[in-house]
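S.K.: Structure: upload_8.tsv, TSV, C-alpha atoms.
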chain	number	residue	atom	x	y	z
A	30	MET	CA	-23.85	62.39	91.24
A	31	ALA	CA	-24.29	59.63	88.69
A	32	HIS	CA	-26.46	56.67	87.79
A	33	ILE	CA	-24.37	53.51	88.08
A	34	LEU	CA	-25.14	49.86	87.29
A	35	VAL	CA	-23.37	47.21	89.40
A	36	VAL	CA	-23.16	43.75	87.80
A	37	ASP	CA	-21.97	40.77	89.86
A	38	ASP	CA	-23.41	37.29	90.37
A	39	ASP	CA	-22.18	37.29	93.98
A	40	GLU	CA	-24.76	39.01	96.13
A	41	SER	CA	-22.22	39.88	98.84
A	42	PHE	CA	-20.08	41.90	96.46
A	43	ARG	CA	-23.15	43.51	94.87
A	44	VAL	CA	-24.47	44.63	98.24
A	45	TYR	CA	-21.03	45.95	99.20
A	46	LEU	CA	-20.72	48.03	96.02
A	47	VAL	CA	-24.34	49.22	96.03
A	48	THR	CA	-24.05	50.30	99.68
A	49	LEU	CA	-20.74	52.05	99.12
A	50	LEU	CA	-21.85	53.91	95.99
A	51	THR	CA	-25.28	54.82	97.40
A	52	GLN	CA	-23.62	56.29	100.48
A	53	ALA	CA	-21.40	58.30	98.16
A	54	GLY	CA	-24.55	59.85	96.70
A	55	HIS	CA	-24.94	57.87	93.50
A	56	THR	CA	-28.12	56.21	92.25
A	57	VAL	CA	-27.29	52.54	91.85
A	58	LEU	CA	-28.99	49.77	89.90
A	59	GLU	CA	-27.90	46.15	90.09
A	60	ALA	CA	-27.85	43.01	87.97
A	61	ASP	CA	-26.55	39.49	88.59
A	62	ASN	CA	-25.31	38.75	85.06
A	63	GLY	CA	-24.56	40.41	81.74
A	64	GLN	CA	-27.92	39.62	80.19
A	65	THR	CA	-29.88	41.19	83.05
A	66	ALA	CA	-27.50	44.15	82.93
A	67	LEU	CA	-28.29	44.78	79.27
A	68	GLU	CA	-32.03	44.65	80.05
A	69	ARG	CA	-31.64	47.07	82.97
A	70	PHE	CA	-29.49	49.35	80.85
A	71	ALA	CA	-32.03	49.36	78.02
A	72	SER	CA	-34.80	50.53	80.34
A	73	ALA	CA	-32.70	52.88	82.48
A	74	PRO	CA	-29.45	54.05	80.90
A	75	VAL	CA	-26.56	54.81	83.27
A	76	GLU	CA	-23.31	56.75	82.97
A	77	LEU	CA	-21.14	53.99	84.42
A	78	ILE	CA	-21.26	50.20	84.66
A	79	ILE	CA	-19.11	48.28	87.15
A	80	THR	CA	-19.05	44.65	86.08
A	81	ASP	CA	-17.59	41.41	87.35
A	82	ILE	CA	-16.08	39.22	84.62
A	83	PHE	CA	-16.94	35.60	85.44
A	84	MET	CA	-20.73	35.25	85.72
A	85	PRO	CA	-23.32	32.73	84.56
A	86	LYS	CA	-25.58	33.30	81.52
A	87	MET	CA	-23.58	36.23	80.13
A	88	ASP	CA	-20.12	37.09	81.43
A	89	GLY	CA	-18.49	40.50	81.69
A	90	ILE	CA	-16.52	40.15	78.45
A	91	ASP	CA	-19.68	39.42	76.45
A	92	LEU	CA	-21.37	42.34	78.20
A	93	LEU	CA	-18.48	44.61	77.22
A	94	ALA	CA	-18.63	43.38	73.63
A	95	ALA	CA	-22.38	44.07	73.48
A	96	LEU	CA	-21.93	47.53	74.95
A	97	VAL	CA	-19.08	48.45	72.60
A	98	ASN	CA	-21.27	47.51	69.62
A	99	ASN	CA	-24.51	49.08	70.81
A	100	ARG	CA	-23.72	51.65	73.51
A	101	PRO	CA	-20.17	52.86	72.90
A	102	LEU	CA	-20.50	55.94	75.14
A	103	VAL	CA	-21.16	54.15	78.41
A	104	LYS	CA	-18.14	53.90	80.71
A	105	VAL	CA	-17.25	50.51	82.17
A	106	ILE	CA	-15.03	49.47	85.06
A	107	ALA	CA	-14.25	45.74	85.15
A	108	ILE	CA	-13.77	43.93	88.45
A	109	SER	CA	-12.49	40.40	89.04
A	110	GLY	CA	-10.67	38.04	91.35
A	111	GLY	CA	-9.59	35.78	88.49
A	112	TYR	CA	-10.81	32.26	87.87
A	113	LYS	CA	-9.20	28.85	87.47
A	114	ALA	CA	-5.75	29.31	85.95
A	115	MET	CA	-6.41	32.93	84.96
A	116	ASN	CA	-5.04	35.44	87.41
A	117	PRO	CA	-7.05	38.62	87.92
A	118	ARG	CA	-4.56	40.86	86.10
A	119	LEU	CA	-4.77	38.84	82.89
A	120	THR	CA	-8.53	38.68	83.14
A	121	LEU	CA	-8.84	42.40	83.66
A	122	GLU	CA	-6.34	43.26	80.93
A	123	MET	CA	-8.55	41.25	78.60
A	124	ALA	CA	-11.51	43.32	79.80
A	125	GLN	CA	-9.58	46.50	79.01
A	126	SER	CA	-8.90	45.23	75.51
A	127	PHE	CA	-12.67	44.85	75.14
A	128	GLY	CA	-13.26	48.47	76.16
A	129	ALA	CA	-13.23	48.68	79.96
A	130	MET	CA	-11.94	52.10	81.03
A	131	ASP	CA	-10.44	50.86	84.25
A	132	ILE	CA	-10.05	47.70	86.33
A	133	ILE	CA	-10.40	46.71	89.99
A	134	THR	CA	-8.94	43.54	91.47
A	135	LYS	CA	-10.80	41.59	94.19
A	136	PRO	CA	-10.30	41.89	97.09
A	137	PHE	CA	-10.66	45.65	96.82
A	138	GLN	CA	-10.67	48.59	99.18
A	139	ALA	CA	-13.64	50.91	99.30
A	140	GLY	CA	-11.42	53.95	98.81
A	141	THR	CA	-9.97	52.50	95.62
A	142	VAL	CA	-13.44	51.86	94.20
A	143	LEU	CA	-14.64	55.40	94.97
A	144	GLN	CA	-11.46	56.91	93.52
A	145	LYS	CA	-11.78	54.94	90.28
A	146	VAL	CA	-15.49	55.71	89.98
A	147	THR	CA	-14.84	59.43	90.39
A	148	ARG	CA	-12.02	59.30	87.87
A	149	ALA	CA	-14.11	57.38	85.34
A	150	LEU	CA	-17.08	59.73	85.67
A	151	GLN	CA	-14.85	62.77	85.21
A	152	SER	CA	-12.96	61.34	82.29
A	153	THR	CA	-13.73	61.46	78.63
A	154	ASN	CA	-14.18	58.10	76.97
A	155	ASP	CA	-10.44	57.57	76.63
A	156	VAL	CA	-9.14	54.56	78.51
A	157	VAL	CA	-8.03	55.39	82.03
A	158	ALA	CA	-4.42	54.31	82.23
A	159	GLY	CA	-3.29	51.68	84.70
A	160	GLU	CA	-4.55	50.67	88.12
A	161	SER	CA	-3.49	52.51	91.23
B	88	MET	CA	-1.17	23.10	104.07
B	89	ASN	CA	1.70	25.39	104.99
B	90	THR	CA	-0.13	28.41	103.64
B	91	ILE	CA	-3.11	27.67	105.85
B	92	SER	CA	-1.18	27.26	109.05
B	93	ALA	CA	0.46	30.64	108.47
B	94	TYR	CA	-2.83	32.34	109.33
B	95	ARG	CA	-3.57	31.42	112.93
B	96	GLU	CA	-6.43	33.79	113.58
B	97	LEU	CA	-9.60	33.52	111.55
B	98	THR	CA	-10.76	37.11	111.47
B	99	ASP	CA	-8.66	40.18	110.81
B	100	ALA	CA	-10.03	42.79	113.20
B	101	HIS	CA	-8.00	45.52	111.49
B	102	LYS	CA	-9.58	44.74	108.12
B	103	LEU	CA	-13.06	44.66	109.65
B	104	GLN	CA	-12.51	47.99	111.39
B	105	GLU	CA	-11.30	49.44	108.10
B	106	MET	CA	-14.51	48.22	106.42
B	107	ARG	CA	-16.62	49.64	109.24
B	108	ASN	CA	-14.92	53.03	108.87
B	109	GLU	CA	-15.37	53.00	105.09
B	110	LEU	CA	-18.98	51.85	105.07
B	111	GLU	CA	-20.16	53.56	108.26
B	112	GLY	CA	-23.93	52.98	108.54
B	113	GLY	CA	-23.91	50.41	105.74
B	114	PHE	CA	-21.36	48.16	107.42
B	115	LEU	CA	-23.85	45.89	109.17
B	116	THR	CA	-25.91	45.38	106.01
B	117	VAL	CA	-22.82	44.42	104.05
B	118	ILE	CA	-21.27	42.18	106.66
B	119	ARG	CA	-24.55	40.28	107.19
B	120	HIS	CA	-24.51	39.31	103.49
B	121	TYR	CA	-20.91	38.18	103.73
B	122	GLN	CA	-21.74	36.18	106.86
B	123	ALA	CA	-24.50	34.34	104.99
B	124	GLY	CA	-22.03	33.35	102.28
B	125	ILE	CA	-19.40	32.31	104.80
B	126	LEU	CA	-21.89	30.02	106.55
B	127	HIS	CA	-23.64	28.50	103.53
B	128	ARG	CA	-20.90	28.09	100.93
B	129	PRO	CA	-18.81	25.55	102.87
B	130	GLU	CA	-21.95	23.41	103.13
B	131	ARG	CA	-22.42	23.66	99.36
B	132	ILE	CA	-18.79	22.63	98.82
B	133	ARG	CA	-19.29	19.66	101.14
B	134	GLN	CA	-22.38	18.67	99.18
B	135	ALA	CA	-20.49	18.94	95.88
B	136	ILE	CA	-17.72	16.71	97.27
B	137	ARG	CA	-20.31	14.12	98.36
B	138	GLU	CA	-21.73	14.19	94.84
B	139	ASN	CA	-18.18	13.88	93.42
B	140	ASP	CA	-18.64	17.01	91.33
B	141	PRO	CA	-15.18	18.62	91.00
B	142	GLU	CA	-16.42	21.46	88.79
B	143	GLN	CA	-19.00	22.50	91.37
B	144	VAL	CA	-16.38	22.20	94.12
B	145	ALA	CA	-14.10	24.54	92.17
B	146	MET	CA	-16.87	27.05	91.46
B	147	GLU	CA	-18.22	27.22	95.01
B	148	SER	CA	-14.70	27.31	96.47
B	149	HIS	CA	-13.73	30.13	94.13
B	150	SER	CA	-16.72	32.20	95.29
B	151	LEU	CA	-15.99	31.49	98.94
B	152	LYS	CA	-12.31	32.40	98.46
B	153	SER	CA	-13.26	35.83	97.08
B	154	VAL	CA	-15.77	36.47	99.85
B	155	CYS	CA	-13.31	35.46	102.59
B	156	ARG	CA	-10.46	37.52	101.21
B	157	GLN	CA	-12.70	40.58	100.91
B	158	VAL	CA	-13.56	40.57	104.62
B	159	GLY	CA	-10.11	39.54	105.84
B	160	LEU	CA	-10.79	35.85	106.56
B	161	LEU	CA	-7.42	34.91	105.14
B	162	ARG	CA	-7.09	31.41	106.57
B	163	MET	CA	-10.52	30.42	105.32
B	164	GLY	CA	-9.65	32.03	102.00
B	165	GLU	CA	-6.56	29.82	101.75
B	166	MET	CA	-8.60	26.70	102.57
B	167	ALA	CA	-11.07	27.67	99.86
B	168	ALA	CA	-8.18	28.23	97.43
B	169	GLU	CA	-6.87	24.72	98.15
B	170	LEU	CA	-10.32	23.26	97.58
B	171	GLU	CA	-10.65	25.24	94.35
B	172	ALA	CA	-7.33	23.78	93.19
B	173	LEU	CA	-8.48	20.26	94.10
B	174	GLY	CA	-11.72	20.85	92.20
B	175	ASN	CA	-9.83	22.09	89.17
B	176	SER	CA	-7.53	19.05	89.32
B	177	GLY	CA	-10.56	16.75	89.30
B	178	ILE	CA	-9.13	14.74	92.23
B	179	LEU	CA	-11.15	15.14	95.42
B	180	ASP	CA	-9.38	12.55	97.62
B	181	GLN	CA	-8.08	15.15	100.06
B	182	ALA	CA	-11.06	17.44	99.82
B	183	GLU	CA	-13.22	15.82	102.48
B	184	SER	CA	-10.95	16.49	105.45
B	185	LEU	CA	-10.25	20.02	104.21
B	186	VAL	CA	-13.92	20.88	103.84
B	187	GLU	CA	-14.59	19.65	107.38
B	188	GLN	CA	-11.97	22.11	108.63
B	189	LEU	CA	-13.58	24.76	106.50
B	190	VAL	CA	-17.08	24.09	107.85
B	191	ALA	CA	-15.80	24.24	111.45
B	192	SER	CA	-13.90	27.44	110.69
B	193	SER	CA	-16.94	29.03	109.10
B	194	VAL	CA	-18.94	28.55	112.30
B	195	THR	CA	-16.16	30.11	114.36
B	196	ALA	CA	-15.66	32.95	111.87
B	197	ASN	CA	-19.37	33.67	111.87
B	198	HIS	CA	-19.31	33.83	115.66
B	199	GLU	CA	-16.33	36.19	115.56
B	200	LEU	CA	-17.99	38.43	112.98
B	201	THR	CA	-21.18	38.61	115.04
B	202	HIS	CA	-19.08	39.47	118.07
B	203	PHE	CA	-17.28	42.20	116.15
B	204	CYS	CA	-20.57	43.62	114.85
B	205	SER	CA	-21.91	43.80	118.38
B	206	GLY	CA	-19.25	46.43	118.99
B	207	ALA	CA	-17.15	44.36	121.35
B	208	ALA	CA	-13.50	43.73	120.65
B	209	LEU	CA	-12.68	40.24	119.44
B	210	PRO	CA	-11.49	37.96	122.24
B	211	ARG	CA	-7.83	37.11	121.72
B	212	PRO	CA	-6.53	34.53	121.29
B	213	PHE	CA	-9.55	33.14	119.48
B	214	PHE	CA	-8.60	29.90	117.80
B	215	ASP	CA	-10.28	27.07	116.00
B	216	LYS	CA	-11.28	24.00	117.94
B	217	GLY	CA	-8.25	21.88	118.57
B	218	ARG	CA	-5.82	24.68	117.93
B	219	GLN	CA	-3.62	25.71	120.80
B	220	PRO	CA	-2.18	29.17	121.27
B	221	ASP	CA	1.58	29.52	121.20
Please express what this file holds, its structure, as structure tokens.
M.R.:
Amino acid sequence: MAHILVVDDDESFRVYLVTLLTQAGHTVLEADNGQTALERFASAPVELIITDIFMPKMDGIDLLAALVNNRPLVKVIAISGGYKAMNPRLTLEMAQSFGAMDIITKPFQAGTVLQKVTRALQSTNDVVAGES
Amino acid sequence: MNTISAYRELTDAHKLQEMRNELEGGFLTVIRHYQAGILHRPERIRQAIRENDPEQVAMESHSLKSVCRQVGLLRMGEMAAELEALGNSGILDQAESLVEQLVASSVTANHELTHFCSGAALPRPFFDKGRQPD
């Protein structure tokens, strides 16, 4: 089982993911923006980060950029429901171009999240292809 | 408002049951957090409309849309999407009547979710005030 950091400014989604992943046996930390996530990660490194994209203070893209520069081995799954004119696919494809291994579109199903988490944890640091 | 009227029932019992099966013991914890958002966010949108703050309307509506869609509140999700679009357009003329529908729906949805969490089946048909079953 892994140590996972969940990053989302929406408490409902954070609680959902933390509950789901904890029940699956993982140890889960949480943060409500990219800046807090970097602080948590610095004090308690994790194998996997699941991050929302649009957040206040520091968004998911900036978080990815910081991780790529400073912590290139950590695996990241990006999650988003899109924002304004940007549909979620475009947003998440941008996240992949910044180093996210995989993407999850909101609304999501618990089974999809667990499947992608398992796949990411088992993978090497190559990008996981596509979204199922 | 054609998209809204397409969803006559507020809660999707199938989606909720699916969540309950997936989350098992954690279901109540999760759904209580979603309920809080469903109750409070429409009030925040209403406040933003009163303050004529389209950006805030768009942001709060976007959050509510995601929350509603995640727990199967599709009709509320569509109302929130319309409010988000109005916020993004910067023109809030039609937003006031829509947010009043949203506030009323959030109370009903919260009641339905509480009912579901109690273990009882949702009463059907369970419609908004003023809506008549076919």
S.K.: Near chain A, meaning an atom within 10 Å, which residues of chain B appear when counting all atoms listed in the file? Write them as a VMD selection string.
M.R.: chain B and resid 102 105 to 106 108 to 114 116 to 124 145 to 146 149 to 159 171 to 172 174 to 175
S.K.: Restricted to C-alpha atoms, what would the selected residues look like written as a PDB file, keeping the file's coordinate frame?
M.R.:
ATOM      1  CA  LYS B 102      -9.580  44.740 108.120  1.00  0.00           C
ATOM      2  CA  GLU B 105     -11.300  49.440 108.100  1.00  0.00           C
ATOM      3  CA  MET B 106     -14.510  48.220 106.420  1.00  0.00           C
ATOM      4  CA  ASN B 108     -14.920  53.030 108.870  1.00  0.00           C
ATOM      5  CA  GLU B 109     -15.370  53.000 105.090  1.00  0.00           C
ATOM      6  CA  LEU B 110     -18.980  51.850 105.070  1.00  0.00           C
ATOM      7  CA  GLU B 111     -20.160  53.560 108.260  1.00  0.00           C
ATOM      8  CA  GLY B 112     -23.930  52.980 108.540  1.00  0.00           C
ATOM      9  CA  GLY B 113     -23.910  50.410 105.740  1.00  0.00           C
ATOM     10  CA  PHE B 114     -21.360  48.160 107.420  1.00  0.00           C
ATOM     11  CA  THR B 116     -25.910  45.380 106.010  1.00  0.00           C
ATOM     12  CA  VAL B 117     -22.820  44.420 104.050  1.00  0.00           C
ATOM     13  CA  ILE B 118     -21.270  42.180 106.660  1.00  0.00           C
ATOM     14  CA  ARG B 119     -24.550  40.280 107.190  1.00  0.00           C
ATOM     15  CA  HIS B 120     -24.510  39.310 103.490  1.00  0.00           C
ATOM     16  CA  TYR B 121     -20.910  38.180 103.730  1.00  0.00           C
ATOM     17  CA  GLN B 122     -21.740  36.180 106.860  1.00  0.00           C
ATOM     18  CA  ALA B 123     -24.500  34.340 104.990  1.00  0.00           C
ATOM     19  CA  GLY B 124     -22.030  33.350 102.280  1.00  0.00           C
ATOM     20  CA  ALA B 145     -14.100  24.540  92.170  1.00  0.00           C
ATOM     21  CA  MET B 146     -16.870  27.050  91.460  1.00  0.00           C
ATOM     22  CA  HIS B 149     -13.730  30.130  94.130  1.00  0.00           C
ATOM     23  CA  SER B 150     -16.720  32.200  95.290  1.00  0.00           C
ATOM     24  CA  LEU B 151     -15.990  31.490  98.940  1.00  0.00           C
ATOM     25  CA  LYS B 152     -12.310  32.400  98.460  1.00  0.00           C
ATOM     26  CA  SER B 153     -13.260  35.830  97.080  1.00  0.00           C
ATOM     27  CA  VAL B 154     -15.770  36.470  99.850  1.00  0.00           C
ATOM     28  CA  CYS B 155     -13.310  35.460 102.590  1.00  0.00           C
ATOM     29  CA  ARG B 156     -10.460  37.520 101.210  1.00  0.00           C
ATOM     30  CA  GLN B 157     -12.700  40.580 100.910  1.00  0.00           C
ATOM     31  CA  VAL B 158     -13.560  40.570 104.620  1.00  0.00           C
ATOM     32  CA  GLY B 159     -10.110  39.540 105.840  1.00  0.00           C
ATOM     33  CA  GLU B 171     -10.650  25.240  94.350  1.00  0.00           C
ATOM     34  CA  ALA B 172      -7.330  23.780  93.190  1.00  0.00           C
ATOM     35  CA  GLY B 174     -11.720  20.850  92.200  1.00  0.00           C
ATOM     36  CA  ASN B 175      -9.830  22.090  89.170  1.00  0.00           C
TER      37      ASN B 175
END
S.K.: Give me, please, the distance in Å between atom CA of Glu122 of chain A and atom CA of Phe83 of chain A, quoted to one decimal.
M.R.: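 These atoms are spaced 13.8 Å apart.
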S.K.: Edge lengths and centre, in Å to one decimal, as AutoDock Vina command-line options: that's what I need for the box along x, y and z that holds all listed atoms of segment 137-146 of chain A plus 5 Å on each side.
M.R.:
--center_x -12.7 --center_y 51.3 --center_z 94.6 --size_x 15.5 --size_y 21.3 --size_z 19.3
S.K.: Just the number, please: distance in Å from atom CA of Ile133 of chain A to atom CA of Leu119 of chain A, one decimal.
M.R.: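 It comes out at 12.0 Å.
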S.K.: Determine, counting all atoms listed in the file, every residue of protein, DNA or RNA that lies within 12 Å of (-20.1, 42.0, 116.5) in the file coordinates, then give the result as a VMD selection string.
M.R.: chain B and resid 98 100 103 to 104 107 114 to 115 118 to 119 122 196 to 210
S.K.: Please return as a ChimeraX atom specification every residue within 8 Å of (-20.7, 38.7, 82.3), taking into account only C-alpha atoms and the file's own coordinates.
M.R.: /A:36-37,62-64,80-92
S.K.: Looking at all atoms listed in the file, which of B:Glu165, B:Asp99, B:Glu147, B:Asp140 is the one that sits closest to Gly177 of chain B?
M.R.: B:Asp140
S.K.: Pick from B:Met166, B:Ile178, B:Leu173, B:Ala135: nearest to Ala191 of chain B, with only C-alpha atoms counted?
M.R.: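 Among the listed residues, the smallest separation from Ala191 of chain B belongs to B:Met166.
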S.K.: So what do you get for atom CA of Arg128 of chain B versus atom CA of Ala107 of chain A, distance-wise?
M.R.: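 Atom CA of Ala107 of chain A lies at a distance of 24.6 Å from atom CA of Arg128 of chain B.
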S.K.: May I ask which of the residues B:Val190, B:Leu179, B:Leu97, B:Leu185 is the closest one to Ile136 of chain B, counting only C-alpha atoms?
M.R.: B:Leu179
